file data_34.pdb (PDB, C-alpha atoms)
ATOM      1  CA  ALA A   1      -9.409 -15.834  22.700  1.00  0.00           C
ATOM      2  CA  GLY A   2      -6.933 -17.839  24.769  1.00  0.00           C
ATOM      3  CA  MET A   3      -5.093 -19.497  21.854  1.00  0.00           C
ATOM      4  CA  THR A   4      -1.315 -19.067  21.961  1.00  0.00           C
ATOM      5  CA  ALA A   5       1.084 -18.726  19.008  1.00  0.00           C
ATOM      6  CA  ASP A   6       2.374 -22.264  19.578  1.00  0.00           C
ATOM      7  CA  GLN A   7      -1.147 -23.691  19.659  1.00  0.00           C
ATOM      8  CA  ALA A   8      -2.057 -21.871  16.448  1.00  0.00           C
ATOM      9  CA  LYS A   9       1.108 -23.124  14.736  1.00  0.00           C
ATOM     10  CA  ALA A  10       0.274 -26.706  15.747  1.00  0.00           C
ATOM     11  CA  LEU A  11      -3.062 -26.712  13.919  1.00  0.00           C
ATOM     12  CA  PRO A  12      -3.154 -28.545  10.560  1.00  0.00           C
ATOM     13  CA  PRO A  13      -3.544 -26.023   7.698  1.00  0.00           C
ATOM     14  CA  THR A  14      -6.848 -27.588   6.618  1.00  0.00           C
ATOM     15  CA  ALA A  15      -8.300 -26.834  10.074  1.00  0.00           C
ATOM     16  CA  MET A  16      -8.251 -23.132   9.223  1.00  0.00           C
ATOM     17  CA  LYS A  17     -11.055 -23.652   6.704  1.00  0.00           C
ATOM     18  CA  SER A  18     -13.473 -24.179   9.607  1.00  0.00           C
ATOM     19  CA  PHE A  19     -12.782 -20.748  11.122  1.00  0.00           C
ATOM     20  CA  ASP A  20     -15.332 -18.010  10.429  1.00  0.00           C
ATOM     21  CA  ALA A  21     -15.117 -14.224  10.897  1.00  0.00           C
ATOM     22  CA  LYS A  22     -16.286 -14.414  14.511  1.00  0.00           C
ATOM     23  CA  ASP A  23     -13.640 -17.028  15.335  1.00  0.00           C
ATOM     24  CA  LEU A  24     -10.812 -14.886  13.938  1.00  0.00           C
ATOM     25  CA  ALA A  25     -12.189 -11.748  15.585  1.00  0.00           C
ATOM     26  CA  ALA A  26     -12.102 -13.497  18.982  1.00  0.00           C
ATOM     27  CA  MET A  27      -8.517 -14.724  18.665  1.00  0.00           C
ATOM     28  CA  ALA A  28      -5.741 -12.999  20.600  1.00  0.00           C
ATOM     29  CA  PRO A  29      -3.290 -11.084  18.358  1.00  0.00           C
ATOM     30  CA  GLN A  30      -0.358 -13.193  19.579  1.00  0.00           C
ATOM     31  CA  ALA A  31      -1.989 -16.345  18.160  1.00  0.00           C
ATOM     32  CA  PHE A  32      -1.495 -14.951  14.657  1.00  0.00           C
ATOM     33  CA  ALA A  33       2.247 -14.681  15.279  1.00  0.00           C
ATOM     34  CA  GLY A  34       2.491 -18.470  15.140  1.00  0.00           C
ATOM     35  CA  MET A  35       0.635 -18.966  11.870  1.00  0.00           C
ATOM     36  CA  THR A  36       2.294 -20.364   8.747  1.00  0.00           C
ATOM     37  CA  SER A  37       1.738 -19.444   5.110  1.00  0.00           C
ATOM     38  CA  GLN A  38      -0.099 -22.730   4.492  1.00  0.00           C
ATOM     39  CA  GLN A  39      -2.498 -22.000   7.342  1.00  0.00           C
ATOM     40  CA  VAL A  40      -3.220 -18.458   6.151  1.00  0.00           C
ATOM     41  CA  LYS A  41      -3.759 -19.689   2.607  1.00  0.00           C
ATOM     42  CA  ASN A  42      -6.498 -21.959   3.955  1.00  0.00           C
ATOM     43  CA  PHE A  43      -8.507 -19.211   5.638  1.00  0.00           C
ATOM     44  CA  ASP A  44     -11.973 -18.848   4.175  1.00  0.00           C
ATOM     45  CA  ALA A  45     -11.993 -15.574   2.199  1.00  0.00           C
ATOM     46  CA  LYS A  46     -15.021 -14.321   4.145  1.00  0.00           C
ATOM     47  CA  ALA A  47     -13.468 -15.237   7.507  1.00  0.00           C
ATOM     48  CA  VAL A  48     -10.671 -12.655   7.186  1.00  0.00           C
ATOM     49  CA  SER A  49     -13.313  -9.906   7.464  1.00  0.00           C
ATOM     50  CA  GLY A  50     -13.151 -10.583  11.203  1.00  0.00           C
ATOM     51  CA  MET A  51      -9.477  -9.617  11.489  1.00  0.00           C
ATOM     52  CA  GLY A  52      -8.369  -6.390  13.148  1.00  0.00           C
ATOM     53  CA  ALA A  53      -5.221  -4.247  12.944  1.00  0.00           C
ATOM     54  CA  GLN A  54      -3.493  -5.839  15.953  1.00  0.00           C
ATOM     55  CA  GLN A  55      -4.094  -9.330  14.600  1.00  0.00           C
ATOM     56  CA  LEU A  56      -2.830  -8.507  11.122  1.00  0.00           C
ATOM     57  CA  ASN A  57       0.208  -6.821  12.651  1.00  0.00           C
ATOM     58  CA  GLN A  58       1.288 -10.105  14.269  1.00  0.00           C
ATOM     59  CA  LEU A  59       1.221 -12.231  11.113  1.00  0.00           C
ATOM     60  CA  PRO A  60       4.755 -13.172   9.998  1.00  0.00           C
ATOM     61  CA  PRO A  61       5.532 -11.529   6.596  1.00  0.00           C
ATOM     62  CA  ASP A  62       5.879 -14.956   4.928  1.00  0.00           C
ATOM     63  CA  ALA A  63       2.418 -15.922   6.156  1.00  0.00           C
ATOM     64  CA  PHE A  64       0.892 -12.587   5.191  1.00  0.00           C
ATOM     65  CA  LYS A  65       2.111 -12.826   1.608  1.00  0.00           C
ATOM     66  CA  ALA A  66       0.212 -16.120   1.237  1.00  0.00           C
ATOM     67  CA  MET A  67      -3.080 -14.226   1.318  1.00  0.00           C
ATOM     68  CA  GLY A  68      -4.949 -14.524  -1.967  1.00  0.00           C
ATOM     69  CA  THR A  69      -6.788 -11.781  -3.859  1.00  0.00           C
ATOM     70  CA  GLN A  70     -10.180 -12.686  -2.392  1.00  0.00           C
ATOM     71  CA  GLN A  71      -8.794 -12.697   1.127  1.00  0.00           C
ATOM     72  CA  LEU A  72      -7.140  -9.295   0.704  1.00  0.00           C
ATOM     73  CA  GLN A  73     -10.321  -7.840  -0.741  1.00  0.00           C
ATOM     74  CA  ASN A  74     -12.272  -9.048   2.287  1.00  0.00           C
ATOM     75  CA  LEU A  75      -9.876  -7.639   4.872  1.00  0.00           C
ATOM     76  CA  PRO A  76     -11.649  -4.693   6.548  1.00  0.00           C
ATOM     77  CA  PRO A  77      -9.910  -1.324   5.919  1.00  0.00           C
ATOM     78  CA  GLN A  78      -9.214  -0.917   9.641  1.00  0.00           C
ATOM     79  CA  ALA A  79      -7.102  -4.093   9.564  1.00  0.00           C
ATOM     80  CA  PHE A  80      -4.702  -2.459   7.089  1.00  0.00           C
ATOM     81  CA  ALA A  81      -3.709  -0.022   9.846  1.00  0.00           C
ATOM     82  CA  GLY A  82      -1.683  -2.827  11.432  1.00  0.00           C
ATOM     83  CA  MET A  83       0.405  -3.637   8.358  1.00  0.00           C
ATOM     84  CA  THR A  84       4.175  -3.344   8.822  1.00  0.00           C
ATOM     85  CA  ALA A  85       6.784  -2.377   6.215  1.00  0.00           C
ATOM     86  CA  ASP A  86       8.082  -5.977   6.152  1.00  0.00           C
ATOM     87  CA  GLN A  87       4.584  -7.335   5.558  1.00  0.00           C
ATOM     88  CA  ALA A  88       3.932  -4.850   2.758  1.00  0.00           C
ATOM     89  CA  LYS A  89       7.246  -5.709   1.112  1.00  0.00           C
ATOM     90  CA  ALA A  90       6.429  -9.440   1.254  1.00  0.00           C
ATOM     91  CA  LEU A  91       3.271  -9.135  -0.853  1.00  0.00           C
ATOM     92  CA  PRO A  92       3.486 -10.154  -4.509  1.00  0.00           C
ATOM     93  CA  PRO A  93       3.133  -7.054  -6.781  1.00  0.00           C
ATOM     94  CA  THR A  94      -0.105  -8.399  -8.293  1.00  0.00           C
ATOM     95  CA  ALA A  95      -1.697  -8.421  -4.816  1.00  0.00           C
ATOM     96  CA  MET A  96      -1.626  -4.620  -4.776  1.00  0.00           C
ATOM     97  CA  LYS A  97      -4.436  -4.558  -7.327  1.00  0.00           C
ATOM     98  CA  SER A  98      -6.772  -5.734  -4.535  1.00  0.00           C
ATOM     99  CA  PHE A  99      -6.254  -2.546  -2.507  1.00  0.00           C
ATOM    100  CA  ASP A 100      -8.814   0.255  -2.748  1.00  0.00           C
ATOM    101  CA  ALA A 101      -8.686   3.881  -1.549  1.00  0.00           C
ATOM    102  CA  LYS A 102     -10.073   3.012   1.911  1.00  0.00           C
ATOM    103  CA  ASP A 103      -7.438   0.299   2.388  1.00  0.00           C
ATOM    104  CA  LEU A 104      -4.565   2.652   1.537  1.00  0.00           C
ATOM    105  CA  ALA A 105      -6.022   5.474   3.641  1.00  0.00           C
ATOM    106  CA  ALA A 106      -6.071   3.172   6.687  1.00  0.00           C
ATOM    107  CA  MET A 107      -2.462   2.014   6.349  1.00  0.00           C
ATOM    108  CA  ALA A 108       0.259   3.327   8.641  1.00  0.00           C
ATOM    109  CA  PRO A 109       2.729   5.578   6.749  1.00  0.00           C
ATOM    110  CA  GLN A 110       5.674   3.298   7.616  1.00  0.00           C
ATOM    111  CA  ALA A 111       4.055   0.423   5.699  1.00  0.00           C
ATOM    112  CA  PHE A 112       4.589   2.376   2.475  1.00  0.00           C
ATOM    113  CA  ALA A 113       8.317   2.453   3.151  1.00  0.00           C
ATOM    114  CA  GLY A 114       8.391  -1.286   2.496  1.00  0.00           C
ATOM    115  CA  MET A 115       6.751  -1.139  -0.924  1.00  0.00           C
ATOM    116  CA  THR A 116       8.801  -1.906  -4.013  1.00  0.00           C
ATOM    117  CA  SER A 117       8.600  -0.142  -7.385  1.00  0.00           C
ATOM    118  CA  GLN A 118       6.670  -3.047  -8.900  1.00  0.00           C
ATOM    119  CA  GLN A 119       4.165  -3.030  -6.055  1.00  0.00           C
ATOM    120  CA  VAL A 120       3.524   0.712  -6.363  1.00  0.00           C
ATOM    121  CA  LYS A 121       3.114   0.375 -10.123  1.00  0.00           C
ATOM    122  CA  ASN A 122       0.375  -2.230  -9.542  1.00  0.00           C
ATOM    123  CA  LEU A 123      -1.755  -0.032  -7.276  1.00  0.00           C
ATOM    124  CA  ASP A 124      -5.087   0.860  -8.834  1.00  0.00           C
ATOM    125  CA  ALA A 125      -5.147   4.534  -9.885  1.00  0.00           C
ATOM    126  CA  LYS A 126      -8.398   5.086  -7.959  1.00  0.00           C
ATOM    127  CA  ALA A 127      -6.769   3.652  -4.829  1.00  0.00           C
ATOM    128  CA  ILE A 128      -4.092   6.385  -4.977  1.00  0.00           C
ATOM    129  CA  THR A 129      -6.793   8.946  -4.112  1.00  0.00           C
ATOM    130  CA  GLY A 130      -6.844   7.474  -0.589  1.00  0.00           C
ATOM    131  CA  MET A 131      -3.190   8.251   0.079  1.00  0.00           C
ATOM    132  CA  SER A 132      -2.107  11.042   2.413  1.00  0.00           C
ATOM    133  CA  GLY A 133       0.971  13.202   2.050  1.00  0.00           C
ATOM    134  CA  GLU A 134       2.568  11.493   5.043  1.00  0.00           C
ATOM    135  CA  GLN A 135       2.135   8.111   3.369  1.00  0.00           C
ATOM    136  CA  MET A 136       3.407   9.355   0.012  1.00  0.00           C
ATOM    137  CA  ALA A 137       6.585  10.728   1.574  1.00  0.00           C
ATOM    138  CA  GLN A 138       7.539   7.193   2.711  1.00  0.00           C
ATOM    139  CA  ILE A 139       7.613   5.662  -0.774  1.00  0.00           C
ATOM    140  CA  VAL A 140      11.082   4.965  -2.159  1.00  0.00           C
ATOM    141  CA  PRO A 141      12.056   7.526  -4.859  1.00  0.00           C
ATOM    142  CA  GLN A 142      12.666   4.887  -7.551  1.00  0.00           C
ATOM    143  CA  ALA A 143       9.028   3.804  -7.214  1.00  0.00           C
ATOM    144  CA  ILE A 144       7.900   7.320  -8.180  1.00  0.00           C
ATOM    145  CA  SER A 145       9.660   7.077 -11.529  1.00  0.00           C
ATOM    146  CA  GLY A 146       7.629   3.948 -12.308  1.00  0.00           C
ATOM    147  CA  MET A 147       4.208   5.448 -11.555  1.00  0.00           C
ATOM    148  CA  THR A 148       1.777   5.452 -14.464  1.00  0.00           C
ATOM    149  CA  ALA A 149      -0.027   8.481 -15.917  1.00  0.00           C
ATOM    150  CA  PRO A 150      -3.406   7.523 -14.358  1.00  0.00           C
ATOM    151  CA  GLN A 151      -1.719   7.032 -10.960  1.00  0.00           C
ATOM    152  CA  LEU A 152      -0.029  10.440 -11.032  1.00  0.00           C
ATOM    153  CA  LYS A 153      -3.231  12.157 -12.181  1.00  0.00           C
ATOM    154  CA  SER A 154      -5.158  10.530  -9.302  1.00  0.00           C
ATOM    155  CA  MET A 155      -2.885  11.974  -6.647  1.00  0.00           C
ATOM    156  CA  LYS A 156      -4.526  14.706  -4.566  1.00  0.00           C
ATOM    157  CA  PRO A 157      -2.643  18.061  -4.712  1.00  0.00           C
ATOM    158  CA  GLU A 158      -2.118  18.003  -0.927  1.00  0.00           C
ATOM    159  CA  THR A 159      -0.557  14.538  -1.249  1.00  0.00           C
ATOM    160  CA  PHE A 160       1.659  15.649  -4.127  1.00  0.00           C
ATOM    161  CA  ALA A 161       2.763  18.677  -2.066  1.00  0.00           C
ATOM    162  CA  ASN A 162       4.255  16.360   0.548  1.00  0.00           C
ATOM    163  CA  MET A 163       6.538  14.518  -1.866  1.00  0.00           C
ATOM    164  CA  THR A 164      10.202  14.781  -0.918  1.00  0.00           C
ATOM    165  CA  GLY A 165      12.892  16.407  -3.011  1.00  0.00           C
ATOM    166  CA  ASP A 166      14.345  12.973  -3.785  1.00  0.00           C
ATOM    167  CA  GLN A 167      10.946  11.735  -4.971  1.00  0.00           C
ATOM    168  CA  LEU A 168      10.392  14.776  -7.212  1.00  0.00           C
ATOM    169  CA  GLY A 169      13.929  14.375  -8.506  1.00  0.00           C
ATOM    170  CA  ALA A 170      13.067  10.830  -9.589  1.00  0.00           C
ATOM    171  CA  LEU A 171      10.327  11.985 -12.000  1.00  0.00           C
ATOM    172  CA  LYS A 172      10.917  11.116 -15.661  1.00  0.00           C
ATOM    173  CA  PRO A 173      10.325  13.410 -18.686  1.00  0.00           C
ATOM    174  CA  THR A 174       7.621  11.008 -19.914  1.00  0.00           C
ATOM    175  CA  GLN A 175       5.653  11.677 -16.713  1.00  0.00           C
ATOM    176  CA  ALA A 176       5.664  15.480 -17.072  1.00  0.00           C
ATOM    177  CA  LYS A 177       2.329  15.902 -18.845  1.00  0.00           C
ATOM    178  CA  SER A 178       0.577  13.678 -16.270  1.00  0.00           C
ATOM    179  CA  LEU A 179       1.070  16.302 -13.572  1.00  0.00           C
ATOM    180  CA  SER A 180      -1.832  18.691 -13.047  1.00  0.00           C
ATOM    181  CA  VAL A 181      -1.635  22.461 -12.653  1.00  0.00           C
ATOM    182  CA  GLU A 182      -3.177  22.073  -9.161  1.00  0.00           C
ATOM    183  CA  GLN A 183      -0.476  19.582  -8.154  1.00  0.00           C
ATOM    184  CA  LEU A 184       2.339  21.847  -9.352  1.00  0.00           C
ATOM    185  CA  LYS A 185       0.801  24.894  -7.630  1.00  0.00           C
ATOM    186  CA  SER A 186       0.828  22.986  -4.349  1.00  0.00           C
ATOM    187  CA  LEU A 187       4.633  22.757  -4.273  1.00  0.00           C
ATOM    188  CA  SER A 188       6.882  25.076  -2.290  1.00  0.00           C
ATOM    189  CA  PRO A 189       9.638  26.829  -4.307  1.00  0.00           C
ATOM    190  CA  GLU A 190      12.188  24.549  -2.645  1.00  0.00           C
ATOM    191  CA  LYS A 191      10.289  21.396  -3.651  1.00  0.00           C
ATOM    192  CA  ALA A 192       9.713  22.670  -7.204  1.00  0.00           C
ATOM    193  CA  SER A 193      13.456  23.226  -7.649  1.00  0.00           C
ATOM    194  CA  ALA A 194      13.983  19.483  -7.157  1.00  0.00           C
ATOM    195  CA  ILE A 195      12.102  18.630 -10.380  1.00  0.00           C
ATOM    196  CA  PRO A 196      14.689  17.795 -13.090  1.00  0.00           C
ATOM    197  CA  GLN A 197      15.032  20.376 -15.861  1.00  0.00           C
ATOM    198  CA  GLU A 198      14.419  17.683 -18.502  1.00  0.00           C
ATOM    199  CA  VAL A 199      11.028  17.051 -16.885  1.00  0.00           C
ATOM    200  CA  ILE A 200      10.135  20.768 -16.845  1.00  0.00           C
ATOM    201  CA  ALA A 201      11.148  20.974 -20.511  1.00  0.00           C
ATOM    202  CA  GLN A 202       8.344  18.528 -21.377  1.00  0.00           C
ATOM    203  CA  MET A 203       5.668  20.534 -19.525  1.00  0.00           C
ATOM    204  CA  THR A 204       3.021  22.685 -21.169  1.00  0.00           C
ATOM    205  CA  SER A 205       3.133  26.470 -20.747  1.00  0.00           C
ATOM    206  CA  ALA A 206       0.257  26.230 -18.239  1.00  0.00           C
ATOM    207  CA  GLN A 207       2.185  23.686 -16.165  1.00  0.00           C
ATOM    208  CA  LYS A 208       5.341  25.820 -16.201  1.00  0.00           C
ATOM    209  CA  ALA A 209       3.331  28.880 -15.149  1.00  0.00           C
ATOM    210  CA  ALA A 210       1.942  26.916 -12.194  1.00  0.00           C
ATOM    211  CA  LEU A 211       5.392  26.239 -10.773  1.00  0.00           C
ATOM    212  CA  PRO A 212       6.213  28.551  -7.842  1.00  0.00           C
TER
END
call {"tool": "encode", "arguments": {"input": "data_34.pdb", "output": "structure tokens"}}
result
Amino acid sequence: AGMTADQAKALPPTAMKSFDAKDLAAMAPQAFAGMTSQQVKNFDAKAVSGMGAQQLNQLPPDAFKAMGTQQLQNLPPQAFAGMTADQAKALPPTAMKSFDAKDLAAMAPQAFAGMTSQQVKNLDAKAITGMSGEQMAQIVPQAISGMTAPQLKSMKPETFANMTGDQLGALKPTQAKSLSVEQLKSLSPEKASAIPQEVIAQMTSAQKAALP
């Protein structure tokens, strides 16, 4: 628990393989601030289950992005609450496939502001069900235009209702039929007016009738 950032940084990367979940859980958050990408890469996949939000929050973005699929899958959902926008942005797009609904639900809204279009596109459709409206509103508009049909269909109506005008304005005509009647009903008249006319033109009569 008394390890400093400088002490952590001084450890050879291979030494990290000897750490278990209890060891990481006992470490002070500031120790993680000194860790390098090579050290993080050497963590045992099961050991990261001991990490908490404050510890994850201190990892430099370059070190965080070194986490492999198995490591990310073993991070407890509560640890995701500490993720920053810079850390989220640093992750390779393929890493997003490791996130499930509980992971996304635990994340701070500002972390979503760091996500790129490619990262959002790689989120599992089932994971999208864990997102709140507050989190959704932080995603960059251009990422919305890249969302797949299964992703859009997975979005809860209350999450969809919190999309910004800029996000709704980024929707593409090819995405129109992926929007549910319940999602469209959830919009305020002001929000609905932000949907491009070329998108509305591709909607079914039931979808159009659902618009406020």
call {"tool": "residues_near_point", "arguments": {"input": "data_34.pdb", "point": "(-7.4, 14.5, 1.1)", "cutoff": "7 Å", "atoms": "only C-alpha atoms", "output": "VMD selection string"}}
result
chain A and resid 132 156 158
call {"tool": "resolve_selection", "arguments": {"input": "data_34.pdb", "expression": "the PyMOL selection byres ((chain A and resi 198) around 12)", "output": "ChimeraX atom specification"}}
result
/A:169-176,194-197,199-203
call {"tool": "residues_around", "arguments": {"input": "data_34.pdb", "residues": "Asp62 (chain A)", "least_positions_apart": "4", "cutoff": "10 Å", "atoms": "all atoms listed in the file", "output": "list in words"}}
result
Met35, Thr36, Ser37, Gln38, Val40, Ala66, Met67, Asp86, Gln87, Ala90 and Leu91 of chain A
call {"tool": "atom_distance", "arguments": {"input": "data_34.pdb", "atom1": "CA of Met51 (chain A)", "atom2": "CA of Phe112 (chain A)"}}
result
20.6 Å
call {"tool": "closest_residue", "arguments": {"input": "data_34.pdb", "among": "A:Pro141, A:Gly2, A:Gly82, A:Gly50", "to": "Asp23 (chain A)", "atoms": "only C-alpha atoms"}}
result
A:Gly50
